[in-house]
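Peer 1: Got a file for you: model-v3.txt, compact mmCIF, C-alpha atoms.
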# COMPACT_ATOMS: atom_id res chain seq x y z
CA MET A 1 -7.77 33.75 -48.67
CA ALA A 2 -10.23 33.34 -45.94
CA LYS A 3 -10.36 30.10 -44.11
CA ALA A 4 -12.94 27.75 -45.49
CA LYS A 5 -15.37 27.19 -42.70
CA VAL A 6 -16.78 23.74 -42.19
CA LYS A 7 -20.48 24.11 -42.21
CA ARG A 8 -21.98 22.69 -39.11
CA SER A 9 -25.06 20.74 -39.87
CA SER A 10 -27.84 21.14 -37.39
CA THR A 11 -28.63 18.12 -35.26
CA SER A 12 -32.30 18.80 -34.95
CA ILE A 13 -34.52 17.17 -37.52
CA ASP A 14 -37.84 18.40 -38.65
CA MET A 15 -40.28 16.15 -36.93
CA THR A 16 -43.50 17.74 -38.03
CA ALA A 17 -44.34 15.09 -40.60
CA MET A 18 -43.43 12.26 -38.28
CA CYS A 19 -45.55 13.75 -35.56
CA ASP A 20 -48.47 14.10 -37.95
CA VAL A 21 -48.29 10.50 -39.02
CA SER A 22 -47.90 9.15 -35.54
CA PHE A 23 -50.87 11.05 -34.26
CA LEU A 24 -52.96 9.94 -37.18
CA LEU A 25 -52.13 6.34 -36.37
CA LEU A 26 -52.75 6.97 -32.71
CA THR A 27 -56.20 8.33 -33.41
CA PHE A 28 -56.96 5.34 -35.59
CA PHE A 29 -55.95 2.81 -32.97
CA ILE A 30 -57.77 4.59 -30.19
CA LEU A 31 -60.96 4.65 -32.19
CA THR A 32 -60.75 1.04 -33.31
CA ALA A 33 -59.91 -0.23 -29.83
CA THR A 34 -63.13 -1.33 -28.26
CA ALA A 35 -63.58 -0.30 -24.71
CA ARG A 36 -63.64 -3.37 -22.57
CA GLN A 37 -66.33 -3.58 -20.01
CA PRO A 38 -65.52 -5.46 -16.86
CA ASP A 39 -66.67 -9.03 -16.88
CA PRO A 40 -69.39 -9.69 -14.35
CA LEU A 41 -67.89 -13.10 -13.83
CA GLU A 42 -64.29 -13.54 -12.79
CA ILE A 43 -62.97 -16.20 -15.09
CA ALA A 44 -59.45 -17.52 -15.26
CA THR A 45 -59.30 -19.38 -18.53
CA PRO A 46 -56.86 -22.23 -18.89
CA SER A 47 -54.03 -21.64 -21.29
CA SER A 48 -53.27 -23.53 -24.46
CA THR A 49 -50.97 -23.27 -27.42
CA VAL A 50 -53.65 -22.72 -30.05
CA GLN A 51 -53.03 -19.74 -32.26
CA TYR A 52 -56.45 -19.43 -33.81
CA LYS A 53 -58.18 -16.24 -32.76
CA LEU A 54 -61.87 -15.94 -32.17
CA PRO A 55 -63.64 -14.04 -34.96
CA ASP A 56 -65.02 -10.57 -34.33
CA LYS A 57 -68.61 -11.19 -35.25
CA GLY A 58 -71.10 -13.97 -35.33
CA VAL A 59 -69.96 -15.33 -31.99
CA VAL A 60 -71.83 -16.28 -28.88
CA VAL A 61 -69.72 -16.84 -25.82
CA VAL A 62 -71.10 -18.90 -22.97
CA SER A 63 -69.14 -18.20 -19.82
CA ILE A 64 -69.18 -20.74 -17.05
CA GLY A 65 -67.83 -20.06 -13.61
CA LYS A 66 -68.82 -20.74 -10.04
CA GLY A 67 -71.86 -22.67 -11.14
CA ARG A 68 -73.36 -19.78 -13.07
CA VAL A 69 -73.78 -19.47 -16.79
CA PHE A 70 -73.46 -16.15 -18.58
CA LEU A 71 -74.08 -15.35 -22.17
CA ASP A 72 -72.36 -12.82 -24.38
CA ILE A 73 -73.68 -12.19 -27.86
CA VAL A 74 -71.03 -10.38 -29.84
CA GLY A 75 -72.26 -7.65 -32.16
CA GLN A 76 -74.83 -5.02 -31.36
CA ASP A 77 -77.15 -5.69 -34.27
CA VAL A 78 -77.31 -9.39 -33.54
CA LYS A 79 -77.89 -8.63 -29.89
CA LYS A 80 -80.79 -6.36 -30.73
CA ALA A 81 -82.38 -8.86 -33.07
CA THR A 82 -81.93 -11.65 -30.56
CA LEU A 83 -83.59 -9.68 -27.80
CA GLN A 84 -86.58 -8.89 -29.96
CA ARG A 85 -86.89 -12.52 -30.97
CA MET A 86 -86.63 -13.64 -27.36
CA GLY A 87 -89.28 -11.10 -26.48
CA SER A 88 -91.69 -12.58 -28.95
CA VAL A 89 -90.99 -16.10 -27.71
CA TYR A 90 -91.75 -15.19 -24.11
CA GLY A 91 -94.40 -12.60 -24.93
CA VAL A 92 -92.50 -9.60 -23.57
CA THR A 93 -92.01 -6.35 -25.43
CA PHE A 94 -89.00 -4.17 -24.86
CA THR A 95 -88.91 -0.43 -25.23
CA ASP A 96 -86.33 1.25 -27.45
CA GLU A 97 -84.54 2.42 -24.35
CA GLU A 98 -84.27 -1.12 -23.02
CA VAL A 99 -83.06 -2.45 -26.34
CA LYS A 100 -80.40 0.24 -26.41
CA ARG A 101 -79.26 -0.62 -22.95
CA PHE A 102 -79.17 -4.29 -23.82
CA GLN A 103 -76.98 -3.60 -26.82
CA VAL A 104 -74.16 -2.25 -24.67
CA VAL A 105 -74.34 -4.98 -22.06
CA GLN A 106 -71.55 -7.45 -22.57
CA ALA A 107 -72.06 -10.68 -20.74
CA PHE A 108 -75.26 -11.12 -18.82
CA GLY A 109 -76.58 -13.88 -16.65
CA VAL A 110 -80.12 -13.23 -15.59
CA PRO A 111 -83.22 -15.33 -15.94
CA PHE A 112 -85.41 -13.90 -18.67
CA GLY A 113 -88.06 -12.94 -16.16
CA SER A 114 -85.80 -10.43 -14.45
CA LEU A 115 -84.16 -9.11 -17.60
CA LYS A 116 -86.26 -5.94 -17.59
CA GLN A 117 -85.30 -5.22 -14.04
CA PHE A 118 -81.68 -5.94 -14.88
CA LEU A 119 -81.70 -3.52 -17.79
CA ALA A 120 -83.08 -0.73 -15.66
CA MET A 121 -80.11 -0.87 -13.30
CA ASP A 122 -76.72 0.65 -13.85
CA ALA A 123 -73.50 -1.31 -13.78
CA THR A 124 -72.73 -0.98 -10.09
CA GLN A 125 -76.26 -1.85 -9.07
CA ARG A 126 -76.15 -4.95 -11.24
CA GLU A 127 -73.05 -6.06 -9.48
CA LYS A 128 -74.37 -5.38 -6.01
CA SER A 129 -77.89 -6.68 -6.26
CA GLY A 130 -76.84 -10.22 -7.07
CA ILE A 131 -79.52 -10.36 -9.72
CA GLN A 132 -77.17 -12.18 -12.05
CA SER A 133 -77.81 -15.68 -10.87
CA GLY A 134 -76.95 -17.16 -14.23
CA ILE A 135 -79.07 -18.23 -17.14
CA PRO A 136 -81.21 -21.24 -16.28
CA LEU A 137 -80.47 -24.31 -18.32
CA ASP A 138 -81.30 -27.14 -16.00
CA SER A 139 -84.76 -28.37 -16.72
CA THR A 140 -85.88 -29.19 -20.18
CA LYS A 141 -88.94 -27.01 -19.76
CA ASN A 142 -87.17 -23.88 -18.67
CA ASN A 143 -84.02 -24.13 -20.73
CA GLU A 144 -83.48 -20.46 -21.44
CA LEU A 145 -79.96 -20.93 -22.70
CA TYR A 146 -81.38 -23.16 -25.41
CA ASN A 147 -83.76 -20.44 -26.51
CA TRP A 148 -81.15 -17.70 -26.35
CA LEU A 149 -78.83 -19.74 -28.51
CA LYS A 150 -81.54 -20.66 -30.96
CA GLU A 151 -82.73 -17.08 -31.39
CA ALA A 152 -79.18 -15.76 -31.61
CA ARG A 153 -78.37 -18.24 -34.32
CA GLN A 154 -81.41 -17.28 -36.32
CA ALA A 155 -80.75 -13.58 -35.87
CA ASN A 156 -77.15 -14.08 -36.90
CA ALA A 157 -78.09 -16.07 -39.97
CA GLU A 158 -80.47 -13.31 -41.01
CA ILE A 159 -77.97 -10.51 -40.58
CA TYR A 160 -74.70 -12.05 -41.72
CA GLY A 161 -75.88 -15.14 -43.57
CA ILE A 162 -73.37 -17.34 -41.77
CA ASP A 163 -73.79 -19.81 -39.00
CA LEU A 164 -73.04 -18.68 -35.53
CA ASN A 165 -69.85 -19.69 -33.76
CA ALA A 166 -70.57 -21.00 -30.32
CA ALA A 167 -67.78 -20.72 -27.82
CA ILE A 168 -67.35 -21.80 -24.25
CA LYS A 169 -65.34 -19.76 -21.82
CA GLY A 170 -64.86 -21.71 -18.68
CA ASP A 171 -62.96 -21.19 -15.50
CA SER A 172 -60.04 -23.56 -15.00
CA LYS A 173 -61.49 -24.87 -11.79
CA THR A 174 -64.94 -25.61 -13.16
CA GLU A 175 -65.87 -29.23 -12.75
CA TYR A 176 -66.49 -31.01 -15.99
CA PRO A 177 -70.22 -31.80 -15.45
CA ALA A 178 -71.00 -28.07 -15.61
CA ILE A 179 -69.26 -27.87 -18.96
CA ARG A 180 -71.05 -30.98 -20.14
CA LYS A 181 -74.42 -29.41 -19.41
CA VAL A 182 -73.64 -26.53 -21.75
CA ILE A 183 -72.21 -28.83 -24.40
CA ASP A 184 -75.40 -30.87 -24.19
CA VAL A 185 -77.42 -27.73 -24.89
CA PHE A 186 -75.20 -27.08 -27.91
CA GLN A 187 -75.58 -30.60 -29.18
CA SER A 188 -79.31 -30.60 -28.74
CA GLN A 189 -79.34 -27.97 -31.47
CA LYS A 190 -76.82 -29.86 -33.55
CA ILE A 191 -73.97 -27.54 -32.77
CA ASN A 192 -71.40 -30.27 -32.84
CA LYS A 193 -68.49 -27.99 -33.55
CA PHE A 194 -67.68 -25.28 -31.10
CA SER A 195 -64.72 -23.48 -29.64
CA LEU A 196 -63.17 -23.38 -26.23
CA ILE A 197 -61.72 -20.03 -25.30
CA THR A 198 -58.29 -20.20 -23.79
CA SER A 199 -55.58 -17.72 -23.08
CA SER A 200 -52.49 -17.97 -25.23
CA GLU A 201 -49.36 -19.70 -24.14
CA GLY A 202 -46.03 -20.05 -25.89
CA VAL A 203 -45.47 -23.16 -27.97
CA GLU A 204 -43.67 -25.67 -25.80
CA LYS A 205 -40.34 -27.06 -26.87
CA MET B 1 -30.92 18.30 -29.98
CA ALA B 2 -33.28 20.60 -28.29
CA GLU B 3 -31.92 23.82 -29.66
CA LEU B 4 -33.92 26.63 -31.06
CA ASP B 5 -32.87 27.97 -34.42
CA THR B 6 -32.12 31.62 -33.98
CA SER B 7 -29.68 32.04 -36.83
CA SER B 8 -31.88 34.28 -38.89
CA GLY B 9 -30.96 37.23 -36.76
CA GLY B 10 -27.62 37.81 -38.54
CA GLY B 11 -25.72 38.92 -35.50
CA LYS B 12 -23.38 41.71 -36.63
CA LYS B 13 -22.15 43.90 -33.94
CA GLY B 14 -22.47 47.59 -34.08
CA GLY B 15 -25.44 47.69 -36.37
CA LYS B 16 -28.96 48.57 -35.55
CA VAL B 17 -30.38 46.86 -32.57
CA ARG B 18 -32.76 44.45 -34.11
CA THR B 19 -35.53 42.71 -32.36
CA LYS B 20 -34.71 39.03 -32.21
CA LYS B 21 -36.98 37.03 -34.38
CA GLN B 22 -38.80 34.27 -32.50
CA ALA B 23 -38.12 30.86 -33.88
CA THR B 24 -41.08 29.13 -35.39
CA LYS B 25 -39.76 25.65 -34.85
CA VAL B 26 -40.84 23.75 -31.81
CA ASP B 27 -39.07 20.74 -30.54
CA LEU B 28 -41.33 17.79 -31.25
CA THR B 29 -39.14 15.02 -29.92
CA ALA B 30 -41.00 14.46 -26.70
CA MET B 31 -44.35 14.63 -28.43
CA VAL B 32 -43.34 12.06 -31.01
CA ASP B 33 -42.00 9.82 -28.26
CA LEU B 34 -45.26 9.94 -26.44
CA ALA B 35 -47.29 9.39 -29.57
CA PHE B 36 -45.35 6.31 -30.52
CA LEU B 37 -45.61 4.92 -27.04
CA LEU B 38 -49.37 5.24 -27.16
CA ILE B 39 -49.54 3.79 -30.66
CA THR B 40 -47.63 0.74 -29.51
CA PHE B 41 -49.92 0.35 -26.55
CA PHE B 42 -53.11 0.53 -28.57
CA MET B 43 -51.78 -1.68 -31.32
CA LEU B 44 -50.87 -4.41 -28.88
CA THR B 45 -54.03 -4.21 -26.84
CA THR B 46 -56.31 -4.39 -29.86
CA SER B 47 -54.74 -7.52 -31.29
CA LEU B 48 -53.75 -9.23 -28.08
CA SER B 49 -57.01 -8.92 -26.25
CA LYS B 50 -58.61 -11.31 -28.68
CA PRO B 51 -58.84 -14.66 -26.98
CA ALA B 52 -57.59 -17.79 -28.61
CA ALA B 53 -60.19 -20.34 -29.54
CA MET B 54 -59.73 -24.07 -29.54
CA GLU B 55 -61.91 -25.93 -31.98
CA ILE B 56 -63.72 -28.96 -30.66
CA ALA B 57 -65.85 -31.22 -32.77
CA LYS B 58 -68.08 -33.84 -31.26
CA PRO B 59 -70.00 -36.61 -32.94
CA ASP B 60 -73.66 -35.96 -33.49
CA LYS B 61 -75.77 -37.35 -30.71
CA ASP B 62 -78.68 -38.52 -32.79
CA ALA B 63 -76.63 -40.03 -35.55
CA LYS B 64 -77.79 -43.42 -36.68
CA ASP B 65 -75.74 -46.27 -35.40
CA GLU B 66 -74.90 -47.63 -38.83
CA ASN B 67 -72.90 -44.49 -39.52
CA ARG B 68 -70.54 -45.22 -36.70
CA LEU B 69 -67.20 -46.78 -37.29
CA GLU B 70 -65.81 -49.50 -35.19
CA LEU B 71 -62.40 -48.72 -33.85
CA ARG B 72 -59.55 -51.15 -34.07
CA GLU B 73 -58.34 -52.31 -30.73
CA SER B 74 -54.73 -52.06 -31.81
CA GLN B 75 -54.83 -48.39 -32.68
CA THR B 76 -57.01 -47.03 -29.91
CA MET B 77 -55.83 -45.23 -26.86
CA THR B 78 -58.36 -44.26 -24.22
CA ILE B 79 -57.62 -41.40 -21.89
CA LEU B 80 -59.68 -41.03 -18.76
CA LEU B 81 -59.53 -37.72 -16.97
CA GLY B 82 -59.81 -38.21 -13.25
CA LYS B 83 -59.77 -36.26 -10.04
CA ASN B 84 -56.77 -34.30 -8.75
CA ASP B 85 -55.34 -33.63 -12.23
CA LYS B 86 -54.66 -37.30 -12.84
CA ILE B 87 -54.99 -39.22 -16.03
CA ALA B 88 -55.58 -42.91 -16.54
CA TRP B 89 -54.86 -44.28 -19.98
CA TYR B 90 -54.82 -47.65 -21.62
CA MET B 91 -54.39 -49.07 -25.07
CA GLY B 92 -56.96 -51.24 -26.75
CA GLN B 93 -59.97 -52.69 -25.04
CA ALA B 94 -61.00 -51.84 -21.52
CA GLY B 95 -60.20 -54.44 -18.91
CA LYS B 96 -57.68 -56.26 -21.05
CA THR B 97 -54.75 -54.01 -20.38
CA ALA B 98 -54.24 -52.37 -17.04
CA PRO B 99 -54.50 -48.62 -17.23
CA THR B 100 -51.58 -46.43 -16.31
CA ILE B 101 -51.98 -43.46 -14.00
CA GLU B 102 -50.11 -40.36 -14.95
CA GLY B 103 -49.98 -36.66 -14.31
CA PHE B 104 -50.18 -34.06 -17.01
CA ASP B 105 -46.41 -33.61 -17.13
CA ASP B 106 -45.76 -37.09 -18.43
CA ILE B 107 -48.61 -37.43 -20.84
CA THR B 108 -46.77 -35.68 -23.68
CA SER B 109 -44.07 -38.30 -23.85
CA THR B 110 -46.63 -41.07 -23.45
CA LEU B 111 -48.66 -39.75 -26.34
CA LEU B 112 -45.59 -39.55 -28.53
CA ALA B 113 -44.45 -43.05 -27.57
CA ASN B 114 -47.86 -44.58 -28.23
CA LYS B 115 -48.18 -42.76 -31.51
CA LYS B 116 -44.90 -44.23 -32.65
CA LYS B 117 -45.74 -47.70 -31.39
CA VAL B 118 -49.10 -47.80 -33.14
CA LYS B 119 -47.62 -46.51 -36.37
CA GLU B 120 -44.85 -49.11 -36.32
CA SER B 121 -46.94 -52.12 -35.38
CA THR B 122 -50.04 -51.49 -37.48
CA GLY B 123 -49.06 -48.85 -40.01
CA ARG B 124 -52.10 -46.83 -39.01
CA ASP B 125 -52.45 -43.60 -37.13
CA ILE B 126 -53.47 -43.64 -33.52
CA VAL B 127 -57.03 -42.87 -32.48
CA ILE B 128 -57.53 -41.23 -29.15
CA ILE B 129 -60.67 -41.33 -27.09
CA VAL B 130 -60.92 -38.76 -24.34
CA LYS B 131 -63.35 -39.47 -21.54
CA PRO B 132 -63.66 -36.73 -18.98
CA THR B 133 -65.19 -38.03 -15.78
CA ASP B 134 -67.19 -36.02 -13.30
CA GLY B 135 -64.17 -35.42 -11.10
CA SER B 136 -62.11 -33.70 -13.77
CA THR B 137 -62.00 -29.98 -14.29
CA TYR B 138 -62.35 -27.85 -17.37
CA LYS B 139 -58.63 -27.14 -17.28
CA ASN B 140 -57.83 -30.85 -17.52
CA PHE B 141 -59.97 -31.13 -20.59
CA VAL B 142 -58.38 -28.15 -22.31
CA ASP B 143 -54.92 -29.36 -21.35
CA ILE B 144 -55.39 -32.81 -22.77
CA MET B 145 -56.85 -31.49 -26.02
CA ASP B 146 -53.89 -29.15 -26.23
CA GLU B 147 -51.40 -31.94 -25.61
CA ILE B 148 -53.04 -34.01 -28.32
CA ALA B 149 -52.68 -31.09 -30.69
CA ILE B 150 -49.05 -30.49 -29.72
CA THR B 151 -48.04 -34.11 -30.16
CA LYS B 152 -49.92 -34.25 -33.46
CA THR B 153 -51.80 -37.34 -32.37
CA ASN B 154 -54.92 -35.77 -33.81
CA ILE B 155 -54.53 -37.02 -37.37
CA ASN B 156 -57.65 -38.99 -36.66
CA ALA B 157 -59.71 -36.45 -34.81
CA PRO B 158 -59.75 -37.29 -31.12
CA ALA B 159 -63.12 -38.55 -29.99
CA VAL B 160 -64.52 -36.81 -26.96
CA ASP B 161 -66.93 -39.01 -25.14
CA ASP B 162 -68.29 -37.21 -22.12
CA ASP B 163 -71.44 -39.21 -21.59
CA PRO B 164 -71.20 -40.51 -18.02
CA ASN B 165 -73.04 -43.66 -19.06
CA HIS B 166 -70.26 -44.49 -21.48
CA ILE B 167 -67.66 -44.87 -18.79
CA LEU B 168 -67.31 -48.58 -18.43
CA ASP B 169 -67.57 -50.38 -15.13
CA SER B 170 -64.04 -51.71 -15.41
CA GLU B 171 -62.78 -48.17 -15.96
CA LYS B 172 -64.75 -46.91 -13.01
CA GLU B 173 -63.51 -49.64 -10.76
CA PHE B 174 -59.93 -49.05 -11.66
CA MET B 175 -60.17 -45.32 -11.15
CA LYS B 176 -61.94 -45.80 -7.85
CA SER B 177 -59.25 -48.14 -6.66
CA LYS B 178 -56.68 -45.47 -7.37
CA GLY B 179 -58.82 -42.81 -5.76
CA ILE B 180 -59.19 -40.58 -8.80
CA PHE B 181 -62.83 -41.13 -9.61
Kindly transcribe the structure held in the file into structure tokens.

Peer 2:
Amino acid sequence: MAKAKVKRSSTSIDMTAMCDVSFLLLTFFILTATARQPDPLEIATPSSTVQYKLPDKGVVVVSIGKGRVFLDIVGQDVKKATLQRMGSVYGVTFTDEEVKRFQVVQAFGVPFGSLKQFLAMDATQREKSGIQSGIPLDSTKNNELYNWLKEARQANAEIYGIDLNAAIKGDSKTEYPAIRKVIDVFQSQKINKFSLITSSEGVEK
Amino acid sequence: MAELDTSSGGGKKGGKVRTKKQATKVDLTAMVDLAFLLITFFMLTTSLSKPAAMEIAKPDKDAKDENRLELRESQTMTILLGKNDKIAWYMGQAGKTAPTIEGFDDITSTLLANKKKVKESTGRDIVIIVKPTDGSTYKNFVDIMDEIAITKTNINAPAVDDDPNHILDSEKEFMKSKGIF
């Protein structure tokens, strides 16, 4: 009788299916990941142990740093509606091109008067020109932050039917009076509940 | 691992010289490795880039005075946020008990101790009033709210009173004397 040969099993596995699945997932995650645009304002947020994450839509983030106030309206449709509403408040009309450009801007901090000029620039110019002096909120007459917030809330309520979440993103070193000014604007519109954006930190002890 | 399967050739010697059949299998190991690495990266960046949000509720400014509750002296702790990351705190009414100056490292144990003391002596939960002064920074404010949440002294929601006119003269004087106002 011939020797019974032990069949050697091959060590290579068929990876085609695995490869398919992994690339499918990869494509999915790449597409869902939103490209982050660089913040015009360098902000180091303080850390906290809260676990609650900021929702994806219906949020307005007011960034405070180095004495300037920036505004970020999350969601392109809300942004568009807000801009049009702001235009009608101040009697300015925006072209489709300008609206489109505004929709992709993340945080902005320009007085409404120079918004058109701001939109015409590209990202590097915006950085260089120093046009972003912050949104004025000092005087009661020229409180643009108040109007932005008000219009954004109304636009948000129309589109999603829920109230807007107002959030403050402040630099650790910001002195409290600057924060209080923004909170006062919130409270003047009866936004008594708002969020503070912090970076995550492990639970202590 | 990375071998190509060429067994279909049937290698008998002496027969016709056959052209070797090219294997159709490609080694996918490296490709799968790379794909999974990228998947991990995108998965983590999508969920981790979302910032955490701390909820703050403040009393309505225009609320009528009759809606306001008086706080019991025995269950109230007032925390004043001062300059240079310092905290001054006192129990009860201003001016009656001398405030204590502390840094942020010690406030956790203080909060826990006061919470226990109030619970034992009055049977009620502690109420905390946070008063950020003009010298304090945003970080101080977030830190103290975080500490209150960690020590679970927020059963009665902490009251944030940031109106500069509400900082009492006795509080001001004390903080000035310690150089943290």

Peer 1: CA of Gly123 in chain B and CA of Asn154 in chain B, how far apart in Å?

Peer 2: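 Interatomic distance, CA of Asn154 in chain B to CA of Gly123 in chain B: 15.6 Å.
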
Peer 1: Closest to Ser199 in chain A among A:Glu97, A:Asp171, A:Asp56, A:Asp14, using only C-alpha atoms?

Peer 2: A:Asp171

Peer 1: Residues near Asn165 in chain B, anyone? I mean within 12 Å using all atoms listed in the file, not counting same-chain ones fewer than 4 positions away, as JSON, numbers by chain.

Peer 2: {"B": [131, 132, 133, 134, 161, 169, 171, 172]}

Peer 1: Within 8 Å of chain B, which residues of chain A are there when counting all atoms listed in the file? Please give them as a VMD selection string.

Peer 2: chain A and resid 11 to 12 15 to 16 18 to 19 22 to 23 25 to 26 29 to 30 32 to 34 45 to 54 167 170 to 177 179 to 180 187 to 188 190 192 to 200

Peer 1: Mind checking which residues fall within 8 Å of Ala178 in chain A, counting only C-alpha atoms, ignoring those fewer than 4 positions away in the same chain, and posting them as an NGL selection string?

Peer 2: :A and (64 or 67 or 174 or 182)

Peer 1: Please save C-alpha atoms of the selected residues as a PDB file, keeping the file's coordinate frame.

Peer 2:
ATOM      1  CA  ILE A  64     -69.180 -20.740 -17.050  1.00  0.00           C
ATOM      2  CA  GLY A  67     -71.860 -22.670 -11.140  1.00  0.00           C
ATOM      3  CA  THR A 174     -64.940 -25.610 -13.160  1.00  0.00           C
ATOM      4  CA  VAL A 182     -73.640 -26.530 -21.750  1.00  0.00           C
TER       5      VAL A 182
END

Peer 1: Report, in Å with one decimal, the straight-line distance from CA of Ala81 in chain A to CA of Asp163 in chain A.

Peer 2: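 We find that CA of Ala81 in chain A and CA of Asp163 in chain A lie 15.1 Å from each other.
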
Peer 1: CA of Met175 in chain B and CA of Gly103 in chain B, how far apart in Å?

Peer 2: 13.7 Å

Peer 1: Using only C-alpha atoms, which of the listed residues (A:Val99, A:Val59, A:Ile73, A:Val110) sits closest to Glu144 in chain A?

Peer 2: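 Closest to Glu144 in chain A of all the choices is A:Val110.
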
Peer 1: B:Gln22, B:Ser74, B:Ser177, B:Ser170: which is nearest Lys117 in chain B, counting all atoms listed in the file?

Peer 2: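 For Lys117 in chain B, the nearest of the given residues is B:Ser74.
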
Peer 1: Which residues are near Ala120 in chain A? Cut-off 10 Å, only C-alpha atoms, ignore same chain within fewer than 6 positions. Put them as JSON, numbers by chain.

Peer 2: {"A": [97, 98, 101, 102, 126]}
